[in-house]
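Asks: Structure: final_35.cif, mmCIF, C-alpha atoms.
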```cif
data_entry
loop_
_atom_site.label_atom_id
_atom_site.label_comp_id
_atom_site.auth_asym_id
_atom_site.auth_seq_id
_atom_site.Cartn_x
_atom_site.Cartn_y
_atom_site.Cartn_z
CA MET K 1 97.62 92.98 49.93
CA ASN K 2 101.08 93.91 48.67
CA GLN K 3 102.38 90.91 46.72
CA PHE K 4 105.92 91.53 47.97
CA ILE K 5 104.97 90.87 51.61
CA PRO K 6 105.71 87.18 52.25
CA LYS K 7 103.12 86.86 54.99
CA GLU K 8 103.34 83.06 54.98
CA ILE K 9 106.74 83.38 56.62
CA PHE K 10 105.12 84.89 59.70
CA THR K 11 102.13 82.54 59.98
CA ASN K 12 103.89 80.19 62.40
CA SER K 13 106.18 82.78 63.96
CA PRO K 14 106.31 82.67 67.78
CA LEU K 15 106.23 86.49 67.74
CA PRO K 16 102.85 88.23 67.34
CA VAL K 17 102.65 89.78 63.86
CA CYS K 18 99.92 91.63 62.00
CA ILE K 19 99.38 93.80 58.92
CA LEU K 20 97.07 96.80 59.17
CA GLU K 21 95.86 98.76 56.14
CA GLY K 22 94.34 102.20 55.71
CA PRO K 23 94.10 105.14 58.10
CA ASP K 24 91.66 103.17 60.27
CA HIS K 25 94.22 100.34 60.64
CA VAL K 26 92.14 97.45 59.34
CA TYR K 27 93.49 93.94 59.87
CA THR K 28 94.43 92.12 56.67
CA PHE K 29 96.74 89.58 58.28
CA SER K 30 97.53 88.26 61.75
CA ASN K 31 99.21 85.10 62.96
CA SER K 32 98.02 82.87 65.79
CA ALA K 33 100.50 84.40 68.25
CA TYR K 34 98.94 87.83 67.67
CA ASP K 35 95.40 86.46 67.96
CA HIS K 36 96.34 84.88 71.29
CA LEU K 37 97.97 88.08 72.53
CA ILE K 38 94.83 90.19 72.08
CA ASN K 39 92.42 87.35 72.87
CA SER K 40 90.60 87.43 69.54
CA CYS K 41 90.45 85.19 66.48
CA ASP K 42 88.02 87.19 64.32
CA LEU K 43 90.17 90.07 63.10
CA MET K 44 90.08 90.18 59.32
CA SER K 45 88.56 93.30 57.72
CA ARG K 46 88.01 94.84 61.14
CA SER K 47 89.83 97.90 62.50
CA VAL K 48 91.98 97.88 65.62
CA LYS K 49 89.49 100.16 67.38
CA GLU K 50 86.64 97.81 66.51
CA VAL K 51 88.44 94.70 67.71
CA SER K 52 90.01 96.28 70.80
CA PRO K 53 88.12 99.45 71.78
CA GLU K 54 90.03 99.52 75.08
CA LEU K 55 93.12 100.57 73.09
CA ILE K 56 91.51 103.91 72.19
CA GLY K 57 93.48 106.60 73.96
CA GLN K 58 96.44 104.32 74.59
CA LYS K 59 99.89 104.68 73.04
CA PHE K 60 99.37 101.81 70.59
CA ILE K 61 96.77 103.70 68.55
CA SER K 62 98.70 106.98 68.54
CA THR K 63 101.82 105.09 67.41
CA LEU K 64 99.97 103.56 64.47
CA ASN K 65 98.60 106.97 63.51
CA GLU K 66 102.07 108.49 63.60
CA VAL K 67 103.67 105.75 61.49
CA TYR K 68 100.86 105.96 58.91
CA ALA K 69 101.10 109.76 58.72
CA THR K 70 104.89 110.11 58.65
CA GLY K 71 105.96 106.94 56.86
CA GLU K 72 108.70 106.46 59.45
CA ALA K 73 109.31 103.17 61.25
CA TYR K 74 108.80 103.04 64.99
CA HIS K 75 110.56 100.92 67.62
CA ASN K 76 110.04 100.98 71.37
CA LYS K 77 110.50 98.70 74.36
CA GLU K 78 108.26 97.87 77.30
CA VAL K 79 105.27 99.82 76.08
CA GLN K 80 102.44 99.27 78.53
CA LEU K 81 99.02 98.27 77.22
CA LEU K 82 95.70 97.51 78.87
CA ILE K 83 93.99 94.62 77.04
CA LYS K 84 90.57 93.09 77.67
CA ALA K 85 90.76 89.38 78.40
CA GLU K 86 87.31 87.77 78.53
CA ASP K 87 85.48 89.65 81.32
CA ALA K 88 88.58 91.25 82.84
CA TYR K 89 91.47 93.49 81.83
CA LYS K 90 95.16 92.72 81.96
CA HIS K 91 98.28 94.83 81.68
CA LEU K 92 100.82 93.92 79.03
CA PHE K 93 104.35 95.14 78.42
CA ILE K 94 105.46 94.79 74.82
CA ASP K 95 108.45 95.53 72.62
CA ILE K 96 106.94 96.82 69.40
CA SER K 97 108.20 97.52 65.88
CA CYS K 98 106.02 99.17 63.24
CA TYR K 99 107.13 99.41 59.59
CA PRO K 100 105.24 101.46 57.01
CA LEU K 101 104.12 99.60 53.88
CA LEU K 102 104.42 101.59 50.65
CA ASP K 103 102.52 101.20 47.39
CA GLY K 104 103.90 101.72 43.87
CA ASN K 105 103.66 105.49 44.33
CA LYS K 106 105.69 105.37 47.55
CA GLU K 107 102.58 106.23 49.54
CA VAL K 108 101.85 104.56 52.88
CA TYR K 109 98.95 102.15 52.60
CA GLY K 110 99.51 100.00 55.70
CA ILE K 111 101.69 99.02 58.61
CA PHE K 112 103.54 95.81 59.35
CA THR K 113 103.59 95.36 63.16
CA GLN K 114 105.72 92.93 65.13
CA ILE K 115 105.37 92.52 68.89
CA HIS K 116 107.36 90.78 71.59
CA ASP K 117 105.42 90.18 74.80
CA THR K 118 107.80 91.05 77.67
CA THR K 119 105.18 91.12 80.43
CA GLU K 120 106.57 88.14 82.34
CA ALA K 121 110.13 89.44 82.21
CA VAL K 122 109.09 92.95 83.32
CA GLU K 123 106.99 91.62 86.20
CA LEU K 124 109.81 89.33 87.35
CA ARG K 125 112.29 92.19 87.22
CA ASN K 126 109.94 94.44 89.20
CA ILE K 127 109.49 91.74 91.85
CA LEU K 128 113.26 91.28 92.16
CA LEU K 129 113.78 95.04 92.27
CA MET K 130 111.13 95.46 94.95
CA GLU K 131 112.73 92.70 96.99
CA LEU K 132 116.13 94.36 96.61
CA HIS K 133 114.79 97.70 97.79
CA HIS K 134 113.09 96.10 100.78
CA ARG K 135 116.34 94.38 101.73
CA VAL K 136 118.24 97.67 101.39
CA LYS K 137 115.66 99.44 103.53
CA ASN K 138 115.75 96.69 106.17
CA ASN K 139 119.54 96.78 106.22
CA LEU K 140 119.52 100.56 106.67
CA ALA K 141 117.05 100.22 109.54
CA PHE K 142 119.28 97.57 111.10
CA ILE K 143 122.32 99.87 110.84
CA ILE K 144 120.36 102.72 112.44
CA SER K 145 119.41 100.41 115.31
CA LEU K 146 123.04 99.32 115.78
CA ILE K 147 124.13 102.95 115.93
CA GLN K 148 121.39 103.69 118.45
CA LEU K 149 122.49 100.77 120.65
CA GLN K 150 126.06 102.00 120.49
CA SER K 151 124.96 105.53 121.30
CA ASN K 152 123.09 104.31 124.38
CA GLU K 153 126.34 102.87 125.70
CA LEU K 154 128.20 106.16 125.44
CA LYS K 155 128.42 108.69 128.24
CA ASP K 156 130.10 111.43 126.25
CA GLN K 157 127.44 113.74 124.81
CA GLN K 158 129.62 114.88 121.91
CA HIS K 159 130.08 111.31 120.73
CA GLN K 160 126.33 110.73 121.02
CA LEU K 161 125.69 113.77 118.81
CA ILE K 162 128.07 112.41 116.18
CA LEU K 163 126.26 109.06 116.10
CA THR K 164 122.88 110.81 116.00
CA ALA K 165 124.01 112.82 112.97
CA ALA K 166 125.07 109.57 111.28
CA GLN K 167 121.61 108.12 111.94
CA LYS K 168 119.98 111.14 110.29
CA ARG K 169 122.11 110.74 107.18
CA ILE K 170 121.17 107.07 106.91
CA ARG K 171 117.51 107.99 107.37
CA THR K 172 117.84 110.35 104.39
CA ILE K 173 119.14 107.49 102.23
CA ALA K 174 116.24 105.34 103.46
CA LYS K 175 113.77 108.09 102.52
CA VAL K 176 115.11 108.19 98.98
CA HIS K 177 114.66 104.42 98.79
CA ASP K 178 111.06 104.86 99.99
CA LEU K 179 110.47 107.03 96.95
CA ILE K 180 112.17 104.44 94.73
CA LEU K 181 109.78 101.75 95.97
CA ASN K 182 106.91 103.73 94.45
CA GLN K 183 108.63 104.30 91.11
CA GLN K 184 108.72 101.85 88.21
CA ASP K 185 111.53 103.76 86.52
CA LEU K 186 114.81 104.41 88.34
CA LYS K 187 115.38 107.31 85.97
CA LYS K 188 112.30 109.12 87.29
CA ILE K 189 112.60 110.06 90.95
CA PRO K 190 110.29 113.09 91.55
CA VAL K 191 112.42 115.97 92.86
CA GLN K 192 109.54 118.07 94.17
CA LYS K 193 108.29 115.21 96.33
CA LEU K 194 111.84 114.38 97.44
CA LEU K 195 112.61 117.93 98.58
CA TRP K 196 109.32 118.42 100.36
CA SER K 197 109.59 115.07 102.12
CA LEU K 198 113.15 115.74 103.31
CA PHE K 199 112.66 119.31 104.52
CA ASP K 200 109.26 118.74 106.10
CA HIS K 201 110.44 115.59 107.88
CA GLY K 202 113.87 117.00 108.65
CA LEU K 203 112.73 120.22 110.24
CA ASN K 204 110.18 118.42 112.36
CA TYR K 205 112.80 115.83 113.29
CA PHE K 206 115.18 118.59 114.38
CA ASP K 207 112.38 120.08 116.47
CA THR K 208 112.28 123.40 114.65
CA GLY K 209 108.54 123.42 114.27
CA GLN K 210 108.41 127.22 114.13
CA SER K 211 110.39 127.26 110.90
CA MET K 212 108.36 127.74 107.73
CA VAL K 213 109.25 125.77 104.62
CA THR K 214 108.03 126.66 101.13
CA VAL K 215 108.78 124.29 98.25
CA ASP K 216 107.95 125.99 94.94
CA VAL K 217 109.73 123.62 92.58
CA ASP K 218 108.45 122.64 89.15
CA GLU K 219 108.11 118.88 89.06
CA PHE K 220 110.92 117.15 87.25
CA PHE K 221 112.61 113.78 87.55
CA ILE K 222 116.19 112.65 88.12
CA ASN K 223 117.78 109.24 88.26
CA VAL K 224 118.40 107.39 91.50
CA ASN K 225 122.15 108.04 91.47
CA GLN K 226 121.48 111.77 91.40
CA ALA K 227 118.62 111.62 93.89
CA ILE K 228 120.75 110.16 96.69
CA PRO K 229 123.55 112.80 96.71
CA LEU K 230 120.98 115.59 96.25
CA GLY K 231 118.99 114.23 99.18
CA LEU K 232 122.10 114.02 101.35
CA ILE K 233 123.07 117.59 100.46
CA CYS K 234 119.62 118.71 101.58
CA ASN K 235 120.03 116.69 104.78
CA GLU K 236 123.24 118.61 105.61
CA VAL K 237 121.48 121.89 104.88
CA ILE K 238 118.68 120.93 107.26
CA GLY K 239 121.29 120.14 109.92
CA LEU K 240 122.81 123.60 109.49
CA ILE K 241 119.40 125.19 110.06
CA LYS K 242 119.27 123.56 113.48
CA ASN K 243 122.89 124.10 114.43
CA ARG K 244 123.56 127.60 113.14
CA LEU K 245 120.28 129.44 112.63
CA ASP K 246 117.46 130.56 114.87
CA ASN K 247 114.33 128.45 115.17
CA ASP K 248 112.23 131.15 113.49
CA CYS K 249 114.26 130.92 110.27
CA SER K 250 112.13 130.49 107.15
CA VAL K 251 113.26 128.40 104.20
CA SER K 252 112.09 128.64 100.58
CA ILE K 253 113.12 126.31 97.76
CA ASN K 254 112.74 127.32 94.12
CA SER K 255 113.86 125.97 90.76
CA ASP K 256 114.86 127.15 87.32
CA LEU K 257 114.31 124.57 84.56
CA SER K 258 114.44 127.03 81.65
CA ASP K 259 117.72 125.59 80.38
CA LEU K 260 117.10 121.84 80.65
CA PRO K 261 118.90 119.48 81.02
CA SER K 262 120.70 122.08 83.17
CA VAL K 263 118.88 122.43 86.51
CA GLU K 264 119.17 125.14 89.14
CA LEU K 265 117.80 124.83 92.66
CA PHE K 266 117.72 127.80 95.03
CA ILE K 267 117.50 127.17 98.79
CA THR K 268 117.01 130.49 100.59
CA PHE K 269 117.30 130.99 104.36
CA LYS K 270 115.68 134.14 105.72
CA ASN K 271 117.29 134.66 109.09
CA ALA K 272 118.51 138.26 109.41
CA GLY K 273 121.33 137.64 106.95
CA LYS K 274 123.06 134.99 109.02
CA ASN K 275 125.12 132.67 106.84
CA PRO K 276 124.63 129.02 107.89
CA PHE K 277 127.81 128.11 106.02
CA GLY K 278 130.10 130.35 108.05
CA GLN K 279 132.02 133.40 106.96
CA ASN K 280 134.00 131.70 104.21
CA ALA K 281 132.88 130.49 100.81
CA LEU K 282 131.42 126.99 100.93
CA SER K 283 134.47 125.56 99.16
CA GLU K 284 136.70 127.07 101.86
CA GLU K 285 134.56 126.21 104.87
CA LYS K 286 136.26 123.69 107.17
CA SER K 287 133.22 122.31 108.97
CA PHE K 288 132.33 118.64 108.52
CA GLU K 289 128.95 119.57 107.00
CA ALA K 290 130.55 121.82 104.37
CA LYS K 291 133.17 119.21 103.51
CA LEU K 292 130.47 116.56 103.09
CA ILE K 293 128.37 118.91 100.91
CA ASN K 294 131.40 119.50 98.67
CA ILE K 295 132.02 115.74 98.36
CA LEU K 296 128.37 115.11 97.51
CA ALA K 297 128.45 117.96 94.98
CA MET K 298 131.32 116.16 93.24
CA GLN K 299 129.22 113.00 93.03
CA LEU K 300 126.25 114.97 91.71
CA LYS K 301 128.62 116.86 89.38
CA ALA K 302 127.06 120.05 90.70
CA LYS K 303 128.31 123.58 91.25
CA ILE K 304 127.20 125.11 94.53
CA GLU K 305 127.40 128.82 95.33
CA THR K 306 126.12 130.81 98.30
CA ILE K 307 125.03 134.46 98.22
CA THR K 308 124.41 136.40 101.45
CA ASN K 309 122.82 139.81 101.95
CA ASN K 310 121.40 141.61 104.97
CA ARG K 311 118.23 139.54 105.01
CA SER K 312 118.99 136.10 103.69
CA THR K 313 121.42 133.53 102.35
CA THR K 314 120.75 131.61 99.12
CA MET K 315 122.41 128.35 98.15
CA ASN K 316 122.42 127.81 94.38
CA ILE K 317 122.79 124.17 93.33
CA ARG K 318 123.40 123.80 89.59
CA PHE K 319 123.74 120.43 87.87
CA THR K 320 122.88 118.65 84.64
CA LYS K 321 119.97 116.23 84.74
CA ALA K 322 121.12 112.82 83.52
CA ASP K 323 118.71 110.25 82.10
CA VAL K 324 121.08 107.30 82.33
CA VAL K 325 121.12 105.49 85.66
CA GLY K 326 124.65 105.41 87.00
CA SER K 327 125.83 108.62 85.37
CA ALA K 328 126.34 110.36 88.71
CA ALA K 329 128.26 107.55 90.31
CA GLY K 330 131.62 108.25 88.75
CA HIS K 331 133.18 110.19 91.61
CA PHE K 332 134.69 108.34 94.54
CA ILE K 333 136.69 109.77 97.40
CA GLU K 334 139.82 107.79 98.14
#
```
Take the structure I supplied and represent it as structure tokens, if you would.
Replies:
Amino acid sequence: MNQFIPKEIFTNSPLPVCILEGPDHVYTFSNSAYDHLINSCDLMSRSVKEVSPELIGQKFISTLNEVYATGEAYHNKEVQLLIKAEDAYKHLFIDISCYPLLDGNKEVYGIFTQIHDTTEAVELRNILLMELHHRVKNNLAFIISLIQLQSNELKDQQHQLILTAAQKRIRTIAKVHDLILNQQDLKKIPVQKLLWSLFDHGLNYFDTGQSMVTVDVDEFFINVNQAIPLGLICNEVIGLIKNRLDNDCSVSINSDLSDLPSVELFITFKNAGKNPFGQNALSEEKSFEAKLINILAMQLKAKIETITNNRSTTMNIRFTKADVVGSAAGHFIE
């Protein structure tokens, strides 16, 4: 044991603390908080793998290996662990700090590890977040129902179509929230699943069952504030398929992730070269759908271009993937 490590200071610490030595990470010190965390009181001179074999293959072991090999400290929050508790297993979320211990030759001989158990806080946050999403979803459903009731009172078919289009846009927002309900991280909404869900549901909803949709997008993730405007852009594109193209139009969606965090999505309509966006460039198109796409592109901070030839039209959506939730919410239309 390194004489300069004042381990007595940590004996009564409320935070779980341990010292591991050697490449096998053998326990040479642990306080009662650590013993309680891993449900064991017989740790000394035993390796982490021996005491907790369920940790093999989990991030905790690989982190220790990395710190021991590189001599660099490691800090991370809400690392998920699966720990055996008596005859069952339990999931833990921990904030962890690992500091390499150096001998007189500046060589790593052990690791000082400090842990903060955040399981209760994470579970409470997830419960509150789930409740929030359910309330949002219920509110969206209520708004859709109100619009439907209002539509039933109208005699003018044009006004009914306008309200129906509004319902479809709200349904798109609700679909994004459905995806959120299944994600623990709001920075990781799966784009491939989002696009397939929207186009498959949207084309069936618009009763264009003869259309063929191909989604060949490499899986990647975007944050929730980017997922919503992207989903609404796709919803407007789906509407244009119904309103401006023939029912036998085929749609293919591809991606280019070679220059991450820059992302390119290509939505191609094969319909004898008919341009669903009109004769003008998208930025010059005066239709409501085009105006809304341009507004949503501002929120997504995306550049959108359309290319038409004799056989097809391709919409190129180019934007930068942001990892920080809220980064695509900076544009508001006054």
Asks: Quote the spacing between atom CA of K:Glu236 and atom CA of K:Glu289 in Å to one decimal place.
Replies: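 About the pair atom CA of K:Glu236 and atom CA of K:Glu289: they are 6.0 Å apart.
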Asks: Set the distance at 12 Å and use all atoms listed in the file: which residues neighbour K:Asn31 once local chain neighbours fewer than 3 positions away are removed? I'd like the list as JSON, numbers by chain.
Replies: {"K": [7, 8, 9, 10, 11, 12, 13, 14, 15, 16, 17, 18, 19, 27, 28, 34, 35, 36, 37, 38, 40, 41, 42, 43, 44, 113, 114, 115]}
Asks: Between K:Thr320, K:Phe269, K:Ser262, K:His177, which is the closest to K:Thr306 once you count only C-alpha atoms?
Replies: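 Among the listed residues, the smallest separation from K:Thr306 belongs to K:Phe269.
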Asks: Evaluating the PyMOL selection byres ((chain K and resi 268) around 6) on the displayed file yields which residues, as a list in words?
Replies: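 Evaluating the PyMOL selection byres ((chain K and resi 268) around 6) on this file yields Val251, Ser252, Ile267, Phe269, Thr313 and Thr314 of chain K.
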Asks: If you keep C-alpha atoms, can you produce a file of those selected residues as an mmCIF file, in the frame of the given file?
Replies:
```cif
data_model
loop_
_atom_site.group_PDB
_atom_site.id
_atom_site.type_symbol
_atom_site.label_atom_id
_atom_site.label_comp_id
_atom_site.auth_asym_id
_atom_site.auth_seq_id
_atom_site.Cartn_x
_atom_site.Cartn_y
_atom_site.Cartn_z
ATOM 1 C CA VAL K 251 113.260 128.400 104.200
ATOM 2 C CA SER K 252 112.090 128.640 100.580
ATOM 3 C CA ILE K 267 117.500 127.170 98.790
ATOM 4 C CA PHE K 269 117.300 130.990 104.360
ATOM 5 C CA THR K 313 121.420 133.530 102.350
ATOM 6 C CA THR K 314 120.750 131.610 99.120
#
```
Asks: Taking all atoms listed in the file into account, which of K:Asn294, K:Asn126, K:Asn271, K:Thr63 comes nearest K:Ser312?
Replies: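 Smallest distance to K:Ser312 is found for K:Asn271.
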Asks: Counting only C-alpha atoms, which of K:Gln299, K:Leu292, K:His133, K:Ala322 gets nearest to K:Phe220?
Replies: K:Ala322
Asks: Just want the 10 Å neighbourhood of K:Lys49, counted on all atoms listed in the file, with same-chain residues fewer than 2 positions away dropped. Output as a compact mmCIF listing (two decimals) with C-alpha atoms, keeping the file's coordinate frame.
Replies:
```
# COMPACT_ATOMS: atom_id res chain seq x y z
CA ASP K 24 91.66 103.17 60.27
CA HIS K 25 94.22 100.34 60.64
CA VAL K 26 92.14 97.45 59.34
CA ARG K 46 88.01 94.84 61.14
CA SER K 47 89.83 97.90 62.50
CA VAL K 51 88.44 94.70 67.71
CA SER K 52 90.01 96.28 70.80
CA PRO K 53 88.12 99.45 71.78
CA GLU K 54 90.03 99.52 75.08
CA LEU K 55 93.12 100.57 73.09
CA ILE K 56 91.51 103.91 72.19
CA ILE K 61 96.77 103.70 68.55
```
Asks: If I put a ball of radius 8 Å at (107.8, 98.4, 99.2) in the file's coordinates, which residues poke into it when counting only C-alpha atoms, written as a tab-separated table (two decimals) with C-alpha atoms, in the coordinates of the input?
Replies:
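Result written to out.tsv:
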```tsv
chain	number	residue	atom	x	y	z
K	130	MET	CA	111.13	95.46	94.95
K	131	GLU	CA	112.73	92.70	96.99
K	133	HIS	CA	114.79	97.70	97.79
K	134	HIS	CA	113.09	96.10	100.78
K	178	ASP	CA	111.06	104.86	99.99
K	181	LEU	CA	109.78	101.75	95.97
K	182	ASN	CA	106.91	103.73	94.45
```
Asks: Using all atoms listed in the file, determine which residues lie at most 8 Å from K:His91, disregarding the query and same-chain residues fewer than 5 positions distant; provide the list as a VMD selection string.
Replies: chain K and resid 80 to 83 119
Asks: Let me know the residues the PyMOL selection byres ((chain K and resi 234) around 12) catches in the file above, as a PyMOL selection string.
Replies: chain K and resi 168-169+172-173+176+191+194-203+227-233+235-241+251+253+265-267+289-290+292-293+296-297+315-317
Asks: Given the file shown, enumerate the residues that the PyMOL selection byres ((chain K and resi 100) around 7) captures and present them as a ChimeraX atom specification.
Replies: /K:67-68,71-73,98-99,101-102,108,110-112
Asks: Those residues with C-alpha atoms, as a PDB file, in the coordinates of the input please?
Replies:
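Result file out-v3.pdb:
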```pdb
ATOM      1  CA  VAL K  67     103.670 105.750  61.490  1.00  0.00           C
ATOM      2  CA  TYR K  68     100.860 105.960  58.910  1.00  0.00           C
ATOM      3  CA  GLY K  71     105.960 106.940  56.860  1.00  0.00           C
ATOM      4  CA  GLU K  72     108.700 106.460  59.450  1.00  0.00           C
ATOM      5  CA  ALA K  73     109.310 103.170  61.250  1.00  0.00           C
ATOM      6  CA  CYS K  98     106.020  99.170  63.240  1.00  0.00           C
ATOM      7  CA  TYR K  99     107.130  99.410  59.590  1.00  0.00           C
ATOM      8  CA  LEU K 101     104.120  99.600  53.880  1.00  0.00           C
ATOM      9  CA  LEU K 102     104.420 101.590  50.650  1.00  0.00           C
ATOM     10  CA  VAL K 108     101.850 104.560  52.880  1.00  0.00           C
ATOM     11  CA  GLY K 110      99.510 100.000  55.700  1.00  0.00           C
ATOM     12  CA  ILE K 111     101.690  99.020  58.610  1.00  0.00           C
ATOM     13  CA  PHE K 112     103.540  95.810  59.350  1.00  0.00           C
TER      14      PHE K 112
END
```
Asks: Point out the residue among K:Gln148, K:Leu64, K:Gly57, K:Lys90 with the least atom-to-atom distance to K:Gln160, counting only C-alpha atoms.
Replies: K:Gln148
Asks: Show me as a count of residues only the residues that reach within 10 Å of (127.1, 107.6, 114.6), counting all atoms listed in the file and using the file's own coordinates.
Replies: 19
